[in-house]
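Have a look at start_32.pdb; it's PDB, C-alpha atoms and all ligand atoms:
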```pdb
ATOM      1  CA  MET A   1      60.074 113.944  60.019  1.00  0.00           C
ATOM      2  CA  LYS A   2      57.751 116.767  61.053  1.00  0.00           C
ATOM      3  CA  PRO A   3      59.620 119.597  62.810  1.00  0.00           C
ATOM      4  CA  THR A   4      58.304 120.982  66.104  1.00  0.00           C
ATOM      5  CA  ILE A   5      58.475 124.650  66.970  1.00  0.00           C
ATOM      6  CA  THR A   6      57.721 126.462  70.197  1.00  0.00           C
ATOM      7  CA  ALA A   7      55.273 129.318  70.620  1.00  0.00           C
ATOM      8  CA  PHE A   8      53.640 131.229  73.476  1.00  0.00           C
ATOM      9  CA  GLU A   9      50.841 129.342  75.206  1.00  0.00           C
ATOM     10  CA  CYS A  10      49.131 132.734  75.525  1.00  0.00           C
ATOM     11  CA  SER A  11      50.737 135.419  73.407  1.00  0.00           C
ATOM     12  CA  PRO A  12      50.836 138.939  74.887  1.00  0.00           C
ATOM     13  CA  ASP A  13      49.915 140.323  71.460  1.00  0.00           C
ATOM     14  CA  GLU A  14      46.569 138.494  71.669  1.00  0.00           C
ATOM     15  CA  GLY A  15      47.192 136.574  68.463  1.00  0.00           C
ATOM     16  CA  GLN A  16      48.071 139.520  66.238  1.00  0.00           C
ATOM     17  CA  GLY A  17      51.039 137.672  64.738  1.00  0.00           C
ATOM     18  CA  LEU A  18      53.716 139.866  66.296  1.00  0.00           C
ATOM     19  CA  ALA A  19      55.504 137.144  68.273  1.00  0.00           C
ATOM     20  CA  ARG A  20      58.386 135.609  66.389  1.00  0.00           C
ATOM     21  CA  ASP A  21      56.879 132.147  65.912  1.00  0.00           C
ATOM     22  CA  MET A  22      54.869 133.866  63.148  1.00  0.00           C
ATOM     23  CA  ARG A  23      58.080 134.117  61.066  1.00  0.00           C
ATOM     24  CA  VAL A  24      58.678 130.392  61.278  1.00  0.00           C
ATOM     25  CA  ARG A  25      55.038 129.481  60.688  1.00  0.00           C
ATOM     26  CA  TRP A  26      54.951 131.682  57.575  1.00  0.00           C
ATOM     27  CA  ALA A  27      58.138 130.092  56.217  1.00  0.00           C
ATOM     28  CA  PHE A  28      56.738 126.583  56.765  1.00  0.00           C
ATOM     29  CA  GLU A  29      53.511 127.553  55.035  1.00  0.00           C
ATOM     30  CA  GLU A  30      55.369 129.014  52.049  1.00  0.00           C
ATOM     31  CA  VAL A  31      57.299 125.784  51.468  1.00  0.00           C
ATOM     32  CA  GLY A  32      54.409 123.448  52.319  1.00  0.00           C
ATOM     33  CA  GLN A  33      56.115 121.821  55.299  1.00  0.00           C
ATOM     34  CA  PRO A  34      53.697 120.636  58.026  1.00  0.00           C
ATOM     35  CA  TYR A  35      54.899 121.277  61.584  1.00  0.00           C
ATOM     36  CA  ASP A  36      53.938 120.659  65.181  1.00  0.00           C
ATOM     37  CA  VAL A  37      53.805 123.338  67.850  1.00  0.00           C
ATOM     38  CA  ARG A  38      54.816 122.944  71.479  1.00  0.00           C
ATOM     39  CA  LEU A  39      53.117 125.686  73.484  1.00  0.00           C
ATOM     40  CA  ILE A  40      55.125 127.141  76.359  1.00  0.00           C
ATOM     41  CA  SER A  41      53.956 129.253  79.286  1.00  0.00           C
ATOM     42  CA  MET A  42      55.911 132.352  80.342  1.00  0.00           C
ATOM     43  CA  LYS A  43      57.164 130.381  83.360  1.00  0.00           C
ATOM     44  CA  GLY A  44      58.031 127.375  81.205  1.00  0.00           C
ATOM     45  CA  LEU A  45      60.272 129.551  79.018  1.00  0.00           C
ATOM     46  CA  LYS A  46      62.767 129.913  81.847  1.00  0.00           C
ATOM     47  CA  GLU A  47      62.727 126.282  82.989  1.00  0.00           C
ATOM     48  CA  PRO A  48      65.714 124.005  82.314  1.00  0.00           C
ATOM     49  CA  GLU A  49      63.793 121.873  79.805  1.00  0.00           C
ATOM     50  CA  HIS A  50      63.173 124.863  77.542  1.00  0.00           C
ATOM     51  CA  ARG A  51      66.643 126.334  78.111  1.00  0.00           C
ATOM     52  CA  LEU A  52      68.034 123.180  76.516  1.00  0.00           C
ATOM     53  CA  ARG A  53      66.212 124.328  73.375  1.00  0.00           C
ATOM     54  CA  ASN A  54      67.087 127.975  73.791  1.00  0.00           C
ATOM     55  CA  PRO A  55      69.647 129.057  76.418  1.00  0.00           C
ATOM     56  CA  PHE A  56      68.006 132.489  76.534  1.00  0.00           C
ATOM     57  CA  GLY A  57      64.605 131.054  77.389  1.00  0.00           C
ATOM     58  CA  SER A  58      62.677 132.501  74.426  1.00  0.00           C
ATOM     59  CA  ILE A  59      60.486 131.349  71.566  1.00  0.00           C
ATOM     60  CA  PRO A  60      60.665 130.314  68.775  1.00  0.00           C
ATOM     61  CA  THR A  61      62.750 127.150  68.690  1.00  0.00           C
ATOM     62  CA  TYR A  62      62.936 124.370  66.127  1.00  0.00           C
ATOM     63  CA  GLU A  63      63.380 120.656  66.755  1.00  0.00           C
ATOM     64  CA  GLU A  64      63.775 117.982  64.133  1.00  0.00           C
ATOM     65  CA  GLY A  65      65.316 114.700  65.230  1.00  0.00           C
ATOM     66  CA  ASP A  66      68.629 115.520  66.903  1.00  0.00           C
ATOM     67  CA  LEU A  67      68.675 119.058  65.575  1.00  0.00           C
ATOM     68  CA  VAL A  68      67.619 121.836  67.942  1.00  0.00           C
ATOM     69  CA  LEU A  69      67.763 125.442  66.771  1.00  0.00           C
ATOM     70  CA  PHE A  70      66.863 128.801  68.244  1.00  0.00           C
ATOM     71  CA  GLU A  71      66.904 132.369  66.808  1.00  0.00           C
ATOM     72  CA  SER A  72      64.159 133.026  64.295  1.00  0.00           C
ATOM     73  CA  GLY A  73      66.681 134.134  61.646  1.00  0.00           C
ATOM     74  CA  ALA A  74      68.681 130.901  61.900  1.00  0.00           C
ATOM     75  CA  ILE A  75      65.485 128.844  61.761  1.00  0.00           C
ATOM     76  CA  ILE A  76      64.252 130.681  58.655  1.00  0.00           C
ATOM     77  CA  LEU A  77      67.630 130.227  57.016  1.00  0.00           C
ATOM     78  CA  HIS A  78      67.546 126.497  57.781  1.00  0.00           C
ATOM     79  CA  ILE A  79      64.025 126.099  56.381  1.00  0.00           C
ATOM     80  CA  ALA A  80      65.005 128.047  53.258  1.00  0.00           C
ATOM     81  CA  GLU A  81      68.035 125.793  52.765  1.00  0.00           C
ATOM     82  CA  GLN A  82      65.999 122.609  53.192  1.00  0.00           C
ATOM     83  CA  HIS A  83      63.156 123.471  50.820  1.00  0.00           C
ATOM     84  CA  GLU A  84      62.549 125.059  47.458  1.00  0.00           C
ATOM     85  CA  GLY A  85      60.864 128.426  47.393  1.00  0.00           C
ATOM     86  CA  LEU A  86      62.485 130.820  49.856  1.00  0.00           C
ATOM     87  CA  PHE A  87      65.996 131.124  48.415  1.00  0.00           C
ATOM     88  CA  PRO A  88      66.958 131.723  44.791  1.00  0.00           C
ATOM     89  CA  ASN A  89      69.022 128.979  43.157  1.00  0.00           C
ATOM     90  CA  ASP A  90      71.672 131.360  41.849  1.00  0.00           C
ATOM     91  CA  VAL A  91      74.554 131.552  44.349  1.00  0.00           C
ATOM     92  CA  ASN A  92      74.948 135.320  44.199  1.00  0.00           C
ATOM     93  CA  ALA A  93      71.209 135.948  44.398  1.00  0.00           C
ATOM     94  CA  ARG A  94      71.085 133.657  47.429  1.00  0.00           C
ATOM     95  CA  ALA A  95      73.930 135.573  49.073  1.00  0.00           C
ATOM     96  CA  ARG A  96      72.013 138.810  48.530  1.00  0.00           C
ATOM     97  CA  VAL A  97      68.874 137.341  50.108  1.00  0.00           C
ATOM     98  CA  ILE A  98      70.962 136.213  53.106  1.00  0.00           C
ATOM     99  CA  THR A  99      72.335 139.751  53.321  1.00  0.00           C
ATOM    100  CA  TRP A 100      68.748 140.998  53.584  1.00  0.00           C
ATOM    101  CA  LEU A 101      67.995 138.450  56.322  1.00  0.00           C
ATOM    102  CA  PHE A 102      70.806 139.993  58.343  1.00  0.00           C
ATOM    103  CA  ALA A 103      69.737 143.521  57.420  1.00  0.00           C
ATOM    104  CA  ALA A 104      66.181 142.835  58.587  1.00  0.00           C
ATOM    105  CA  LEU A 105      67.378 141.526  61.953  1.00  0.00           C
ATOM    106  CA  ASN A 106      70.517 143.596  62.590  1.00  0.00           C
ATOM    107  CA  THR A 107      69.791 146.921  60.922  1.00  0.00           C
ATOM    108  CA  VAL A 108      66.036 147.455  60.567  1.00  0.00           C
ATOM    109  CA  GLU A 109      64.680 145.624  63.613  1.00  0.00           C
ATOM    110  CA  PRO A 110      66.809 147.041  66.490  1.00  0.00           C
ATOM    111  CA  PRO A 111      65.323 150.565  66.639  1.00  0.00           C
ATOM    112  CA  ILE A 112      61.846 149.028  66.198  1.00  0.00           C
ATOM    113  CA  VAL A 113      62.400 146.720  69.180  1.00  0.00           C
ATOM    114  CA  GLU A 114      63.657 149.726  71.163  1.00  0.00           C
ATOM    115  CA  TRP A 115      60.430 151.559  70.255  1.00  0.00           C
ATOM    116  CA  GLU A 116      58.367 148.591  71.485  1.00  0.00           C
ATOM    117  CA  MET A 117      60.323 148.362  74.724  1.00  0.00           C
ATOM    118  CA  ALA A 118      59.796 152.083  75.301  1.00  0.00           C
ATOM    119  CA  GLN A 119      56.012 151.587  74.957  1.00  0.00           C
ATOM    120  CA  TYR A 120      56.072 148.948  77.683  1.00  0.00           C
ATOM    121  CA  PHE A 121      58.707 150.160  80.124  1.00  0.00           C
ATOM    122  CA  GLU A 122      59.049 153.934  79.815  1.00  0.00           C
ATOM    123  CA  LYS A 123      55.442 155.068  80.150  1.00  0.00           C
ATOM    124  CA  ASP A 124      56.036 156.769  83.506  1.00  0.00           C
ATOM    125  CA  LYS A 125      59.465 158.289  82.769  1.00  0.00           C
ATOM    126  CA  SER A 126      59.881 162.055  82.615  1.00  0.00           C
ATOM    127  CA  TRP A 127      62.199 161.713  79.603  1.00  0.00           C
ATOM    128  CA  ARG A 128      59.807 159.391  77.736  1.00  0.00           C
ATOM    129  CA  ASP A 129      58.868 161.870  74.971  1.00  0.00           C
ATOM    130  CA  GLU A 130      62.466 162.870  74.256  1.00  0.00           C
ATOM    131  CA  HIS A 131      63.576 159.243  74.040  1.00  0.00           C
ATOM    132  CA  LYS A 132      60.609 158.334  71.849  1.00  0.00           C
ATOM    133  CA  ALA A 133      61.513 161.163  69.447  1.00  0.00           C
ATOM    134  CA  ILE A 134      65.097 159.875  69.207  1.00  0.00           C
ATOM    135  CA  ILE A 135      63.977 156.304  68.588  1.00  0.00           C
ATOM    136  CA  GLU A 136      61.430 157.376  65.970  1.00  0.00           C
ATOM    137  CA  ARG A 137      64.097 159.443  64.194  1.00  0.00           C
ATOM    138  CA  ASN A 138      66.309 156.337  64.082  1.00  0.00           C
ATOM    139  CA  ILE A 139      63.450 154.216  62.758  1.00  0.00           C
ATOM    140  CA  ARG A 140      62.644 156.767  60.032  1.00  0.00           C
ATOM    141  CA  SER A 141      66.283 156.869  59.028  1.00  0.00           C
ATOM    142  CA  ARG A 142      66.174 153.101  58.417  1.00  0.00           C
ATOM    143  CA  LEU A 143      62.797 153.210  56.693  1.00  0.00           C
ATOM    144  CA  ASP A 144      63.898 156.114  54.427  1.00  0.00           C
ATOM    145  CA  ASP A 145      66.730 153.928  53.150  1.00  0.00           C
ATOM    146  CA  LEU A 146      64.671 150.765  52.948  1.00  0.00           C
ATOM    147  CA  SER A 147      61.923 152.592  51.061  1.00  0.00           C
ATOM    148  CA  LYS A 148      64.428 153.996  48.563  1.00  0.00           C
ATOM    149  CA  ARG A 149      65.933 150.579  47.947  1.00  0.00           C
ATOM    150  CA  LEU A 150      62.551 148.848  47.559  1.00  0.00           C
ATOM    151  CA  GLY A 151      61.352 151.536  45.146  1.00  0.00           C
ATOM    152  CA  ASP A 152      58.437 150.187  43.145  1.00  0.00           C
ATOM    153  CA  ALA A 153      59.566 146.550  43.316  1.00  0.00           C
ATOM    154  CA  ASP A 154      57.211 143.965  44.770  1.00  0.00           C
ATOM    155  CA  TRP A 155      59.891 142.232  46.862  1.00  0.00           C
ATOM    156  CA  ILE A 156      63.216 143.313  48.285  1.00  0.00           C
ATOM    157  CA  ASP A 157      65.535 141.342  45.979  1.00  0.00           C
ATOM    158  CA  GLY A 158      64.020 139.580  43.002  1.00  0.00           C
ATOM    159  CA  ASP A 159      61.239 137.085  43.641  1.00  0.00           C
ATOM    160  CA  PHE A 160      59.543 136.686  47.025  1.00  0.00           C
ATOM    161  CA  SER A 161      62.079 135.176  49.435  1.00  0.00           C
ATOM    162  CA  ALA A 162      62.880 134.456  53.073  1.00  0.00           C
ATOM    163  CA  ALA A 163      64.095 138.061  53.339  1.00  0.00           C
ATOM    164  CA  ASP A 164      60.579 139.342  52.647  1.00  0.00           C
ATOM    165  CA  ILE A 165      59.172 137.206  55.474  1.00  0.00           C
ATOM    166  CA  LEU A 166      61.529 138.836  57.948  1.00  0.00           C
ATOM    167  CA  LEU A 167      61.240 142.380  56.588  1.00  0.00           C
ATOM    168  CA  VAL A 168      57.434 142.339  56.408  1.00  0.00           C
ATOM    169  CA  LEU A 169      57.124 140.976  59.945  1.00  0.00           C
ATOM    170  CA  VAL A 170      59.728 143.387  61.303  1.00  0.00           C
ATOM    171  CA  LEU A 171      57.778 146.289  59.756  1.00  0.00           C
ATOM    172  CA  ARG A 172      54.544 144.867  61.172  1.00  0.00           C
ATOM    173  CA  ARG A 173      55.967 145.458  64.646  1.00  0.00           C
ATOM    174  CA  LEU A 174      55.271 149.158  63.992  1.00  0.00           C
ATOM    175  CA  ASP A 175      51.539 148.445  63.588  1.00  0.00           C
ATOM    176  CA  GLY A 176      49.527 151.249  65.121  1.00  0.00           C
ATOM    177  CA  SER A 177      52.401 153.764  65.102  1.00  0.00           C
ATOM    178  CA  GLY A 178      51.517 155.226  61.673  1.00  0.00           C
ATOM    179  CA  ILE A 179      55.232 155.281  60.775  1.00  0.00           C
ATOM    180  CA  VAL A 180      55.169 152.628  58.023  1.00  0.00           C
ATOM    181  CA  GLU A 181      52.182 154.428  56.449  1.00  0.00           C
ATOM    182  CA  GLU A 182      54.447 157.467  55.876  1.00  0.00           C
ATOM    183  CA  TYR A 183      56.100 155.350  53.165  1.00  0.00           C
ATOM    184  CA  SER A 184      53.467 154.318  50.650  1.00  0.00           C
ATOM    185  CA  ASN A 185      55.698 151.669  49.050  1.00  0.00           C
ATOM    186  CA  LEU A 186      56.540 150.088  52.421  1.00  0.00           C
ATOM    187  CA  ALA A 187      52.890 150.072  53.466  1.00  0.00           C
ATOM    188  CA  ALA A 188      52.012 148.395  50.146  1.00  0.00           C
ATOM    189  CA  TYR A 189      54.895 145.927  50.661  1.00  0.00           C
ATOM    190  CA  VAL A 190      53.529 144.886  54.076  1.00  0.00           C
ATOM    191  CA  SER A 191      50.019 144.548  52.607  1.00  0.00           C
ATOM    192  CA  ARG A 192      51.393 142.431  49.756  1.00  0.00           C
ATOM    193  CA  GLY A 193      53.025 140.096  52.271  1.00  0.00           C
ATOM    194  CA  LYS A 194      49.833 139.845  54.330  1.00  0.00           C
ATOM    195  CA  GLU A 195      47.852 138.974  51.206  1.00  0.00           C
ATOM    196  CA  ARG A 196      49.863 135.818  50.581  1.00  0.00           C
ATOM    197  CA  ALA A 197      47.909 132.635  51.222  1.00  0.00           C
ATOM    198  CA  ALA A 198      50.808 131.240  53.280  1.00  0.00           C
ATOM    199  CA  TYR A 199      50.839 134.339  55.497  1.00  0.00           C
ATOM    200  CA  LYS A 200      47.094 134.001  56.088  1.00  0.00           C
ATOM    201  CA  ARG A 201      47.378 130.326  57.059  1.00  0.00           C
ATOM    202  CA  ALA A 202      50.224 131.093  59.468  1.00  0.00           C
ATOM    203  CA  PHE A 203      48.318 134.019  60.976  1.00  0.00           C
ATOM    204  CA  GLU A 204      45.173 131.957  61.482  1.00  0.00           C
ATOM    205  CA  ALA A 205      47.145 129.120  63.080  1.00  0.00           C
ATOM    206  CA  GLN A 206      48.785 131.352  65.679  1.00  0.00           C
ATOM    207  CA  LEU A 207      45.530 133.263  66.309  1.00  0.00           C
ATOM    208  CA  ALA A 208      43.748 129.954  66.969  1.00  0.00           C
ATOM    209  CA  VAL A 209      46.190 129.275  69.814  1.00  0.00           C
ATOM    210  CA  PHE A 210      45.303 132.556  71.488  1.00  0.00           C
ATOM    211  CA  GLU A 211      41.580 132.029  70.984  1.00  0.00           C
ATOM    212  CA  ALA A 212      41.746 128.544  72.466  1.00  0.00           C
ATOM    213  CA  ALA A 213      43.696 129.863  75.467  1.00  0.00           C
ATOM    214  CA  SER A 214      41.180 132.697  76.009  1.00  0.00           C
ATOM    215  CA  ALA A 215      38.241 130.287  75.816  1.00  0.00           C
ATOM    216  CA  SER A 216      39.639 127.885  78.421  1.00  0.00           C
TER
HETATM  217  N1  LIG A 301      66.451 137.074  68.626  1.00  0.00           N
HETATM  218  C1  LIG A 301      65.443 136.116  69.023  1.00  0.00           C
HETATM  219  C2  LIG A 301      64.776 135.525  67.778  1.00  0.00           C
HETATM  220  O1  LIG A 301      64.742 136.196  66.750  1.00  0.00           O
HETATM  221  O2  LIG A 301      64.314 134.376  67.823  1.00  0.00           O
HETATM  222  C3  LIG A 301      64.461 136.829  69.931  1.00  0.00           C
HETATM  223  C4  LIG A 301      63.475 135.839  70.544  1.00  0.00           C
HETATM  224  C5  LIG A 301      62.478 136.576  71.423  1.00  0.00           C
HETATM  225  O3  LIG A 301      62.728 137.690  71.928  1.00  0.00           O
HETATM  226  N2  LIG A 301      61.341 135.942  71.624  1.00  0.00           N
HETATM  227  C6  LIG A 301      60.296 136.517  72.439  1.00  0.00           C
HETATM  228  C7  LIG A 301      60.227 135.801  73.774  1.00  0.00           C
HETATM  229  O4  LIG A 301      60.279 134.591  73.835  1.00  0.00           O
HETATM  230  C8  LIG A 301      58.972 136.347  71.742  1.00  0.00           C
HETATM  231  S1  LIG A 301      58.871 137.297  70.267  1.00  0.00           S
HETATM  232  N3  LIG A 301      60.070 136.574  74.840  1.00  0.00           N
HETATM  233  C9  LIG A 301      59.885 136.057  76.160  1.00  0.00           C
HETATM  234  C10 LIG A 301      61.146 135.975  76.929  1.00  0.00           C
HETATM  235  O5  LIG A 301      62.239 136.101  76.341  1.00  0.00           O
HETATM  236  O6  LIG A 301      61.034 135.789  78.142  1.00  0.00           O
HETATM  237  C11 LIG A 301      58.893 138.980  70.929  1.00  0.00           C
HETATM  238  C12 LIG A 301      57.524 139.532  71.067  1.00  0.00           C
HETATM  239  C13 LIG A 301      56.777 139.245  72.175  1.00  0.00           C
HETATM  240  C14 LIG A 301      55.513 139.816  72.318  1.00  0.00           C
HETATM  241  C15 LIG A 301      55.047 140.666  71.331  1.00  0.00           C
HETATM  242  N4  LIG A 301      53.765 141.266  71.478  1.00  0.00           N
HETATM  243  O7  LIG A 301      53.051 140.973  72.419  1.00  0.00           O
HETATM  244  O8  LIG A 301      53.397 142.092  70.625  1.00  0.00           O
HETATM  245  C16 LIG A 301      55.810 140.936  70.215  1.00  0.00           C
HETATM  246  C17 LIG A 301      57.060 140.366  70.089  1.00  0.00           C
END
```

What does this structure look like when you write it as structure tokens?
Amino acid sequence: MKPTITAFECSPDEGQGLARDMRVRWAFEEVGQPYDVRLISMKGLKEPEHRLRNPFGSIPTYEEGDLVLFESGAIILHIAEQHEGLFPNDVNARARVITWLFAALNTVEPPIVEWEMAQYFEKDKSWRDEHKAIIERNIRSRLDDLSKRLGDADWIDGDFSAADILLVLVLRRLDGSGIVEEYSNLAAYVSRGKERAAYKRAFEAQLAVFEAASAS
């Protein structure tokens, strides 16, 4: 059965692949699983029908038969468990990749999301610059450590895995800030992810949604 995911009918990032459906699309493309997409308007996100999929009224969600999932991390983990290619077979190696899934979402992403929120909601605040400096210090602290751990490896733990999908897309949320570029190995890591054929297919698919919405 083909799974169905949800995505923005008209993404605020104008199809730049920053909304979290991109994570799920990339994972599907890596494992060769076709999927359907249910497009949701901003209003539709908060309606009861969508809250049955995700109580918090967000995208992405995942539906397959009776199974309904939300949280991009949980969806990626499920896809990786169902298909070859995103998790190593060795039990310990798999546990390490799962550790990196959590690290991407719980340790690296939070200050980056705070940075994004500050761009949107703190533009007119007198304390904006001070707060931005604090957030950017916190981001650099995480990226210093991530950069050291990655070193000159291609991927974060062994072969390309689900963890790289999340880490690359979390780092991409800093696009335009210049911060990732301060770490040549992290910048190369993001580029390596973006060069993957599966990434490109996922990116094009979500961009096509935005282009269709803009044309109508
Ligand atoms: N923890 C959840 C997960 O990982 O799935 C977070 C889900 C989430 O926040 N989804 C966002 C959403 O639905 C979309 S991705 N927001 C609408 C709402 O909750 O009402 C976040 C996002 C949105 C837009 C951009 N952008 O324009 O650049 C980037 C990221």

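The nearest approach to ligand LIG 301 (chain A) among the residues A:Glu81, A:Asp175, A:Asp129, A:Glu64, with only C-alpha atoms and all ligand atoms taken into account, belongs to A:Asp175.
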
Original post:
Expanded to explicit residues, what is the PyMOL selection byres (((not hetatm)) within 10 of (chain A and resi 301)) for this file, as a PyMOL selection string?
Top reply: chain A and resi 6-8+10-24+40-46+54+56-61+69-76+105-106+109+113+116-117+166+170+172-175

**OP:** Give the answer as one residue: which of A:Ile112, A:Ile79, A:Ala118, A:Ala215 has the shortest atom-to-atom distance to Leu167 in chain A, using all atoms listed in the file?
**Re:** A:Ile112

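Going from CA of Gly151 in chain A over to CA of Ala187 in chain A, you cover 12.0 Å.
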
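Contact shell of Lys148 in chain A at 12 Å (all atoms listed in the file; same-chain neighbours under 6 positions omitted): A:Arg140, A:Ser141, A:Arg142, A:Ile156, A:Tyr183, A:Ser184, A:Asn185, A:Leu186.
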
Original post:
How would you write, as number ranges by chain, the residues chosen by the PyMOL selection byres (((chain A and resi 202) around 8) and not hetatm) on this structure?
Top reply: A: 22, 25-26, 29, 198-201, 203-206

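The smallest atom-to-atom distance between Gly85 in chain A and any of A:Ala212, A:Glu30, A:Met1, A:Asp154, using all atoms listed in the file, is found for A:Glu30.
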
**OP:** Pick out the closest residue to Phe210 in chain A from this set: A:Asp145, A:Glu130, A:Asp36, A:Glu9. Count all atoms listed in the file.
**Re:** A:Glu9
